[in-house]
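Structure file model_14.cif with mmCIF, N, CA and C atoms and all ligand atoms:
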```
data_run
#
loop_
_atom_site.group_PDB
_atom_site.id
_atom_site.type_symbol
_atom_site.label_atom_id
_atom_site.label_comp_id
_atom_site.auth_asym_id
_atom_site.auth_seq_id
_atom_site.Cartn_x
_atom_site.Cartn_y
_atom_site.Cartn_z
ATOM 1 N N MET C 1093 0.850 -1.194 0.000
ATOM 2 C CA MET C 1093 0.000 0.000 0.000
ATOM 3 C C MET C 1093 0.889 1.248 0.000
ATOM 4 N N ASP C 1094 0.519 2.228 -0.772
ATOM 5 C CA ASP C 1094 1.274 3.473 -0.803
ATOM 6 C C ASP C 1094 0.570 4.539 0.026
ATOM 7 N N GLU C 1095 1.380 5.267 0.765
ATOM 8 C CA GLU C 1095 0.850 6.344 1.613
ATOM 9 C C GLU C 1095 1.563 7.641 1.207
ATOM 10 N N TRP C 1096 0.815 8.732 1.122
ATOM 11 C CA TRP C 1096 1.435 10.025 0.799
ATOM 12 C C TRP C 1096 1.963 10.674 2.073
ATOM 13 N N ILE C 1097 3.187 11.204 2.007
ATOM 14 C CA ILE C 1097 3.709 11.984 3.128
ATOM 15 C C ILE C 1097 4.112 13.363 2.623
ATOM 16 N N ASP C 1098 3.965 14.350 3.488
ATOM 17 C CA ASP C 1098 4.328 15.722 3.154
ATOM 18 C C ASP C 1098 5.750 15.969 3.647
ATOM 19 N N ILE C 1099 6.653 16.231 2.746
ATOM 20 C CA ILE C 1099 8.047 16.439 3.128
ATOM 21 C C ILE C 1099 8.500 17.838 2.744
ATOM 22 N N GLU C 1100 9.629 18.238 3.353
ATOM 23 C CA GLU C 1100 10.209 19.549 3.051
ATOM 24 C C GLU C 1100 11.598 19.329 2.471
ATOM 25 N N CYS C 1101 11.851 19.943 1.355
ATOM 26 C CA CYS C 1101 13.164 19.817 0.719
ATOM 27 C C CYS C 1101 14.236 20.404 1.637
ATOM 28 N N PRO C 1102 15.327 19.648 1.911
ATOM 29 C CA PRO C 1102 16.388 20.156 2.798
ATOM 30 C C PRO C 1102 17.224 21.255 2.154
ATOM 31 N N TYR C 1103 17.061 21.488 0.872
ATOM 32 C CA TYR C 1103 17.854 22.505 0.163
ATOM 33 C C TYR C 1103 17.092 23.810 -0.018
ATOM 34 N N CYS C 1104 15.880 23.706 -0.575
ATOM 35 C CA CYS C 1104 15.157 24.942 -0.926
ATOM 36 C C CYS C 1104 13.930 25.180 -0.036
ATOM 37 N N GLY C 1105 13.577 24.210 0.830
ATOM 38 C CA GLY C 1105 12.477 24.414 1.760
ATOM 39 C C GLY C 1105 11.094 24.180 1.185
ATOM 40 N N GLN C 1106 11.023 23.791 -0.077
ATOM 41 C CA GLN C 1106 9.741 23.549 -0.719
ATOM 42 C C GLN C 1106 9.041 22.328 -0.108
ATOM 43 N N HIS C 1107 7.751 22.456 0.135
ATOM 44 C CA HIS C 1107 6.956 21.318 0.611
ATOM 45 C C HIS C 1107 6.296 20.624 -0.566
ATOM 46 N N PHE C 1108 6.342 19.323 -0.581
ATOM 47 C CA PHE C 1108 5.583 18.577 -1.581
ATOM 48 C C PHE C 1108 5.368 17.168 -1.050
ATOM 49 N N GLU C 1109 4.555 16.402 -1.756
ATOM 50 C CA GLU C 1109 4.189 15.069 -1.294
ATOM 51 C C GLU C 1109 4.853 13.983 -2.126
ATOM 52 N N ILE C 1110 5.246 12.916 -1.432
ATOM 53 C CA ILE C 1110 5.769 11.744 -2.124
ATOM 54 C C ILE C 1110 5.071 10.514 -1.555
ATOM 55 N N THR C 1111 5.160 9.415 -2.266
ATOM 56 C CA THR C 1111 4.533 8.182 -1.788
ATOM 57 C C THR C 1111 5.577 7.281 -1.139
ATOM 58 N N VAL C 1112 5.134 6.575 -0.092
ATOM 59 C CA VAL C 1112 5.958 5.595 0.608
ATOM 60 C C VAL C 1112 5.213 4.260 0.584
ATOM 61 N N ASP C 1113 5.932 3.199 0.265
ATOM 62 C CA ASP C 1113 5.342 1.860 0.295
ATOM 63 C C ASP C 1113 5.314 1.372 1.743
ATOM 64 N N THR C 1114 4.139 1.344 2.342
ATOM 65 C CA THR C 1114 4.028 1.045 3.777
ATOM 66 C C THR C 1114 4.122 -0.445 4.104
ATOM 67 N N THR C 1115 4.317 -1.295 3.090
ATOM 68 C CA THR C 1115 4.477 -2.722 3.374
ATOM 69 C C THR C 1115 5.886 -3.043 3.868
ATOM 70 N N THR C 1116 6.801 -2.060 3.756
ATOM 71 C CA THR C 1116 8.168 -2.239 4.257
ATOM 72 C C THR C 1116 8.319 -1.442 5.552
ATOM 73 N N ALA C 1117 8.694 -2.124 6.647
ATOM 74 C CA ALA C 1117 8.717 -1.484 7.966
ATOM 75 C C ALA C 1117 9.767 -0.377 8.067
ATOM 76 N N HIS C 1118 10.972 -0.649 7.593
ATOM 77 C CA HIS C 1118 12.047 0.343 7.642
ATOM 78 C C HIS C 1118 12.602 0.494 6.244
ATOM 79 N N GLN C 1119 12.646 1.680 5.769
ATOM 80 C CA GLN C 1119 13.144 1.860 4.413
ATOM 81 C C GLN C 1119 13.860 3.177 4.256
ATOM 82 N N GLN C 1120 14.731 3.187 3.257
ATOM 83 C CA GLN C 1120 15.487 4.379 2.917
ATOM 84 C C GLN C 1120 15.515 4.460 1.400
ATOM 85 N N PHE C 1121 15.203 5.601 0.870
ATOM 86 C CA PHE C 1121 15.248 5.760 -0.575
ATOM 87 C C PHE C 1121 15.634 7.194 -0.924
ATOM 88 N N VAL C 1122 16.070 7.357 -2.143
ATOM 89 C CA VAL C 1122 16.488 8.667 -2.621
ATOM 90 C C VAL C 1122 15.424 9.197 -3.566
ATOM 91 N N SER C 1123 15.077 10.474 -3.386
ATOM 92 C CA SER C 1123 14.107 11.121 -4.254
ATOM 93 C C SER C 1123 14.675 12.470 -4.683
ATOM 94 N N ASP C 1124 14.083 13.068 -5.711
ATOM 95 C CA ASP C 1124 14.526 14.379 -6.170
ATOM 96 C C ASP C 1124 13.474 15.418 -5.847
ATOM 97 N N CYS C 1125 13.941 16.607 -5.474
ATOM 98 C CA CYS C 1125 13.020 17.707 -5.222
ATOM 99 C C CYS C 1125 12.307 18.113 -6.515
ATOM 100 N N ASP C 1126 11.017 18.362 -6.422
ATOM 101 C CA ASP C 1126 10.243 18.793 -7.593
ATOM 102 C C ASP C 1126 10.674 20.158 -8.096
ATOM 103 N N VAL C 1127 11.203 20.984 -7.205
ATOM 104 C CA VAL C 1127 11.498 22.369 -7.542
ATOM 105 C C VAL C 1127 12.966 22.567 -7.922
ATOM 106 N N CYS C 1128 13.897 22.164 -7.025
ATOM 107 C CA CYS C 1128 15.309 22.415 -7.300
ATOM 108 C C CYS C 1128 16.028 21.195 -7.876
ATOM 109 N N CYS C 1129 15.332 20.052 -7.936
ATOM 110 C CA CYS C 1129 15.824 18.838 -8.595
ATOM 111 C C CYS C 1129 17.041 18.208 -7.918
ATOM 112 N N ARG C 1130 17.341 18.623 -6.678
ATOM 113 C CA ARG C 1130 18.482 18.021 -5.990
ATOM 114 C C ARG C 1130 18.024 16.769 -5.258
ATOM 115 N N PRO C 1131 18.881 15.737 -5.194
ATOM 116 C CA PRO C 1131 18.491 14.490 -4.552
ATOM 117 C C PRO C 1131 18.627 14.547 -3.037
ATOM 118 N N PHE C 1132 17.700 13.911 -2.337
ATOM 119 C CA PHE C 1132 17.775 13.807 -0.884
ATOM 120 C C PHE C 1132 17.351 12.400 -0.492
ATOM 121 N N THR C 1133 17.724 12.013 0.734
ATOM 122 C CA THR C 1133 17.410 10.683 1.230
ATOM 123 C C THR C 1133 16.240 10.755 2.207
ATOM 124 N N VAL C 1134 15.295 9.864 2.041
ATOM 125 C CA VAL C 1134 14.153 9.765 2.949
ATOM 126 C C VAL C 1134 14.275 8.456 3.729
ATOM 127 N N ASN C 1135 14.229 8.560 5.062
ATOM 128 C CA ASN C 1135 14.140 7.394 5.932
ATOM 129 C C ASN C 1135 12.712 7.315 6.437
ATOM 130 N N ALA C 1136 12.066 6.166 6.307
ATOM 131 C CA ALA C 1136 10.681 6.046 6.754
ATOM 132 C C ALA C 1136 10.481 4.769 7.558
ATOM 133 N N GLU C 1137 9.671 4.900 8.599
ATOM 134 C CA GLU C 1137 9.264 3.763 9.416
ATOM 135 C C GLU C 1137 7.762 3.596 9.258
ATOM 136 N N CYS C 1138 7.339 2.382 8.955
ATOM 137 C CA CYS C 1138 5.922 2.132 8.719
ATOM 138 C C CYS C 1138 5.416 1.021 9.634
ATOM 139 N N ALA C 1139 4.153 1.122 10.031
ATOM 140 C CA ALA C 1139 3.495 0.095 10.837
ATOM 141 C C ALA C 1139 2.009 0.117 10.537
ATOM 142 N N ASN C 1140 1.424 -1.043 10.403
ATOM 143 C CA ASN C 1140 -0.021 -1.179 10.170
ATOM 144 C C ASN C 1140 -0.520 -0.340 8.990
ATOM 145 N N GLY C 1141 0.259 -0.320 7.937
ATOM 146 C CA GLY C 1141 -0.165 0.382 6.730
ATOM 147 C C GLY C 1141 -0.072 1.887 6.805
ATOM 148 N N GLU C 1142 0.634 2.409 7.833
ATOM 149 C CA GLU C 1142 0.799 3.853 7.954
ATOM 150 C C GLU C 1142 2.263 4.210 8.140
ATOM 151 N N VAL C 1143 2.611 5.407 7.710
ATOM 152 C CA VAL C 1143 3.948 5.926 7.967
ATOM 153 C C VAL C 1143 3.937 6.517 9.368
ATOM 154 N N VAL C 1144 4.738 5.967 10.283
ATOM 155 C CA VAL C 1144 4.726 6.445 11.661
ATOM 156 C C VAL C 1144 5.822 7.475 11.942
ATOM 157 N N ARG C 1145 6.874 7.460 11.129
ATOM 158 C CA ARG C 1145 7.959 8.413 11.355
ATOM 159 C C ARG C 1145 8.766 8.531 10.081
ATOM 160 N N PHE C 1146 9.251 9.718 9.767
ATOM 161 C CA PHE C 1146 10.149 9.842 8.634
ATOM 162 C C PHE C 1146 11.092 11.026 8.810
ATOM 163 N N ASP C 1147 12.249 10.902 8.189
ATOM 164 C CA ASP C 1147 13.255 11.959 8.199
ATOM 165 C C ASP C 1147 13.661 12.238 6.760
ATOM 166 N N VAL C 1148 14.019 13.469 6.481
ATOM 167 C CA VAL C 1148 14.548 13.835 5.170
ATOM 168 C C VAL C 1148 15.968 14.350 5.385
ATOM 169 N N LEU C 1149 16.933 13.769 4.696
ATOM 170 C CA LEU C 1149 18.337 14.118 4.867
ATOM 171 C C LEU C 1149 18.938 14.623 3.563
ATOM 172 N N ALA C 1150 19.709 15.685 3.662
ATOM 173 C CA ALA C 1150 20.445 16.169 2.492
ATOM 174 C C ALA C 1150 21.528 15.149 2.137
ATOM 175 N N ASN C 1151 21.688 14.844 0.882
ATOM 176 C CA ASN C 1151 22.701 13.861 0.463
ATOM 177 C C ASN C 1151 24.088 14.492 0.426
HETATM 178 ZN ZN ZN C 1201 14.310 21.686 -3.373
#
```

Please go through the file and, once you have read it, give me the structure as structure tokens.
Amino acid sequence: MDEWIDIECPYCGQHFEITVDTTTAHQQFVSDCDVCCRPFTVNAECANGEVVRFDVLAN
């Protein structure tokens, strides 16, 4: 199941939404900012089909 989370770009501060696959309990993936196109790492923890915690890190 995919869940939308609202994240903030660590470079330009832009808020936007990305999807997280909540079937994986602990995951890390790289995404690109929609605005400044720079890559950042998202760490997400999921439980019971929901995202319970996430961090966004500058690469
Ligand atoms: Zn950005």

**Asked** ligand ZN 1201 (chain C): which residues are within 9 Å, counting only C-alpha atoms and all ligand atoms, as a PyMOL selection string?
**Response** chain C and resi 1100-1107+1124-1132

**Atomic separation - atom CA of C:Thr1114 relative to atom CA of C:Asn1151, Å** =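 Interatomic distance here is 22.9 Å.
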
**Item:** Residues returned when the PyMOL selection byres (((chain C and resi 1122) around 5) and not hetatm) runs on this file, as a PyMOL selection string
**Value:** chain C and resi 1120-1121+1123-1124+1132-1134

**Prompt:** Could you spell out the hits of the PyMOL selection byres (((chain C and resi 1117) around 8) and not hetatm) on the shown file, as a VMD selection string?
**Reply:** chain C and resid 1113 to 1116 1118 to 1120 1136 to 1140

**Complete:** One decimal place gives the atom N of C:Asn1135-atom C of C:Met1093 separation as 16.0 Å

**Request:** In Å, rounded to a single decimal, give me how far atom CA of C:Trp1096 is from atom C of C:Ala1150.
**Result:**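 About the pair atom C of C:Ala1150 and atom CA of C:Trp1096: they are 20.8 Å apart.
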
Based on the backbone DSSP call, show me all residues of chain C assigned strand (DSSP E), as a short mmCIF file (atom, residue, chain, number, x, y, z; two decimals) with N, CA and C atoms, keeping the file's coordinate frame.
```
data_model
loop_
_atom_site.label_atom_id
_atom_site.label_comp_id
_atom_site.auth_asym_id
_atom_site.auth_seq_id
_atom_site.Cartn_x
_atom_site.Cartn_y
_atom_site.Cartn_z
N ASP C 1094 0.52 2.23 -0.77
CA ASP C 1094 1.27 3.47 -0.80
C ASP C 1094 0.57 4.54 0.03
N GLU C 1095 1.38 5.27 0.76
CA GLU C 1095 0.85 6.34 1.61
C GLU C 1095 1.56 7.64 1.21
N TRP C 1096 0.82 8.73 1.12
CA TRP C 1096 1.44 10.02 0.80
C TRP C 1096 1.96 10.67 2.07
N ILE C 1097 3.19 11.20 2.01
CA ILE C 1097 3.71 11.98 3.13
C ILE C 1097 4.11 13.36 2.62
N ASP C 1098 3.96 14.35 3.49
CA ASP C 1098 4.33 15.72 3.15
C ASP C 1098 5.75 15.97 3.65
N ILE C 1099 6.65 16.23 2.75
CA ILE C 1099 8.05 16.44 3.13
C ILE C 1099 8.50 17.84 2.74
N GLU C 1100 9.63 18.24 3.35
CA GLU C 1100 10.21 19.55 3.05
C GLU C 1100 11.60 19.33 2.47
N HIS C 1107 7.75 22.46 0.14
CA HIS C 1107 6.96 21.32 0.61
C HIS C 1107 6.30 20.62 -0.57
N PHE C 1108 6.34 19.32 -0.58
CA PHE C 1108 5.58 18.58 -1.58
C PHE C 1108 5.37 17.17 -1.05
N GLU C 1109 4.56 16.40 -1.76
CA GLU C 1109 4.19 15.07 -1.29
C GLU C 1109 4.85 13.98 -2.13
N ILE C 1110 5.25 12.92 -1.43
CA ILE C 1110 5.77 11.74 -2.12
C ILE C 1110 5.07 10.51 -1.56
N THR C 1111 5.16 9.41 -2.27
CA THR C 1111 4.53 8.18 -1.79
C THR C 1111 5.58 7.28 -1.14
N VAL C 1112 5.13 6.58 -0.09
CA VAL C 1112 5.96 5.60 0.61
C VAL C 1112 5.21 4.26 0.58
N ASP C 1113 5.93 3.20 0.26
CA ASP C 1113 5.34 1.86 0.30
C ASP C 1113 5.31 1.37 1.74
N HIS C 1118 10.97 -0.65 7.59
CA HIS C 1118 12.05 0.34 7.64
C HIS C 1118 12.60 0.49 6.24
N GLN C 1119 12.65 1.68 5.77
CA GLN C 1119 13.14 1.86 4.41
C GLN C 1119 13.86 3.18 4.26
N GLN C 1120 14.73 3.19 3.26
CA GLN C 1120 15.49 4.38 2.92
C GLN C 1120 15.52 4.46 1.40
N PHE C 1121 15.20 5.60 0.87
CA PHE C 1121 15.25 5.76 -0.57
C PHE C 1121 15.63 7.19 -0.92
N VAL C 1122 16.07 7.36 -2.14
CA VAL C 1122 16.49 8.67 -2.62
C VAL C 1122 15.42 9.20 -3.57
N SER C 1123 15.08 10.47 -3.39
CA SER C 1123 14.11 11.12 -4.25
C SER C 1123 14.68 12.47 -4.68
N ASP C 1124 14.08 13.07 -5.71
CA ASP C 1124 14.53 14.38 -6.17
C ASP C 1124 13.47 15.42 -5.85
N PRO C 1131 18.88 15.74 -5.19
CA PRO C 1131 18.49 14.49 -4.55
C PRO C 1131 18.63 14.55 -3.04
N PHE C 1132 17.70 13.91 -2.34
CA PHE C 1132 17.77 13.81 -0.88
C PHE C 1132 17.35 12.40 -0.49
N THR C 1133 17.72 12.01 0.73
CA THR C 1133 17.41 10.68 1.23
C THR C 1133 16.24 10.76 2.21
N VAL C 1134 15.30 9.86 2.04
CA VAL C 1134 14.15 9.76 2.95
C VAL C 1134 14.28 8.46 3.73
N ASN C 1135 14.23 8.56 5.06
CA ASN C 1135 14.14 7.39 5.93
C ASN C 1135 12.71 7.32 6.44
N ALA C 1136 12.07 6.17 6.31
CA ALA C 1136 10.68 6.05 6.75
C ALA C 1136 10.48 4.77 7.56
N GLU C 1137 9.67 4.90 8.60
CA GLU C 1137 9.26 3.76 9.42
C GLU C 1137 7.76 3.60 9.26
N CYS C 1138 7.34 2.38 8.96
CA CYS C 1138 5.92 2.13 8.72
C CYS C 1138 5.42 1.02 9.63
N ALA C 1139 4.15 1.12 10.03
CA ALA C 1139 3.50 0.10 10.84
C ALA C 1139 2.01 0.12 10.54
N GLU C 1142 0.63 2.41 7.83
CA GLU C 1142 0.80 3.85 7.95
C GLU C 1142 2.26 4.21 8.14
N VAL C 1143 2.61 5.41 7.71
CA VAL C 1143 3.95 5.93 7.97
C VAL C 1143 3.94 6.52 9.37
N VAL C 1144 4.74 5.97 10.28
CA VAL C 1144 4.73 6.44 11.66
C VAL C 1144 5.82 7.48 11.94
N ARG C 1145 6.87 7.46 11.13
CA ARG C 1145 7.96 8.41 11.36
C ARG C 1145 8.77 8.53 10.08
N PHE C 1146 9.25 9.72 9.77
CA PHE C 1146 10.15 9.84 8.63
C PHE C 1146 11.09 11.03 8.81
N ASP C 1147 12.25 10.90 8.19
CA ASP C 1147 13.26 11.96 8.20
C ASP C 1147 13.66 12.24 6.76
N VAL C 1148 14.02 13.47 6.48
CA VAL C 1148 14.55 13.84 5.17
C VAL C 1148 15.97 14.35 5.38
N LEU C 1149 16.93 13.77 4.70
CA LEU C 1149 18.34 14.12 4.87
C LEU C 1149 18.94 14.62 3.56
N ALA C 1150 19.71 15.68 3.66
CA ALA C 1150 20.44 16.17 2.49
C ALA C 1150 21.53 15.15 2.14
#
```
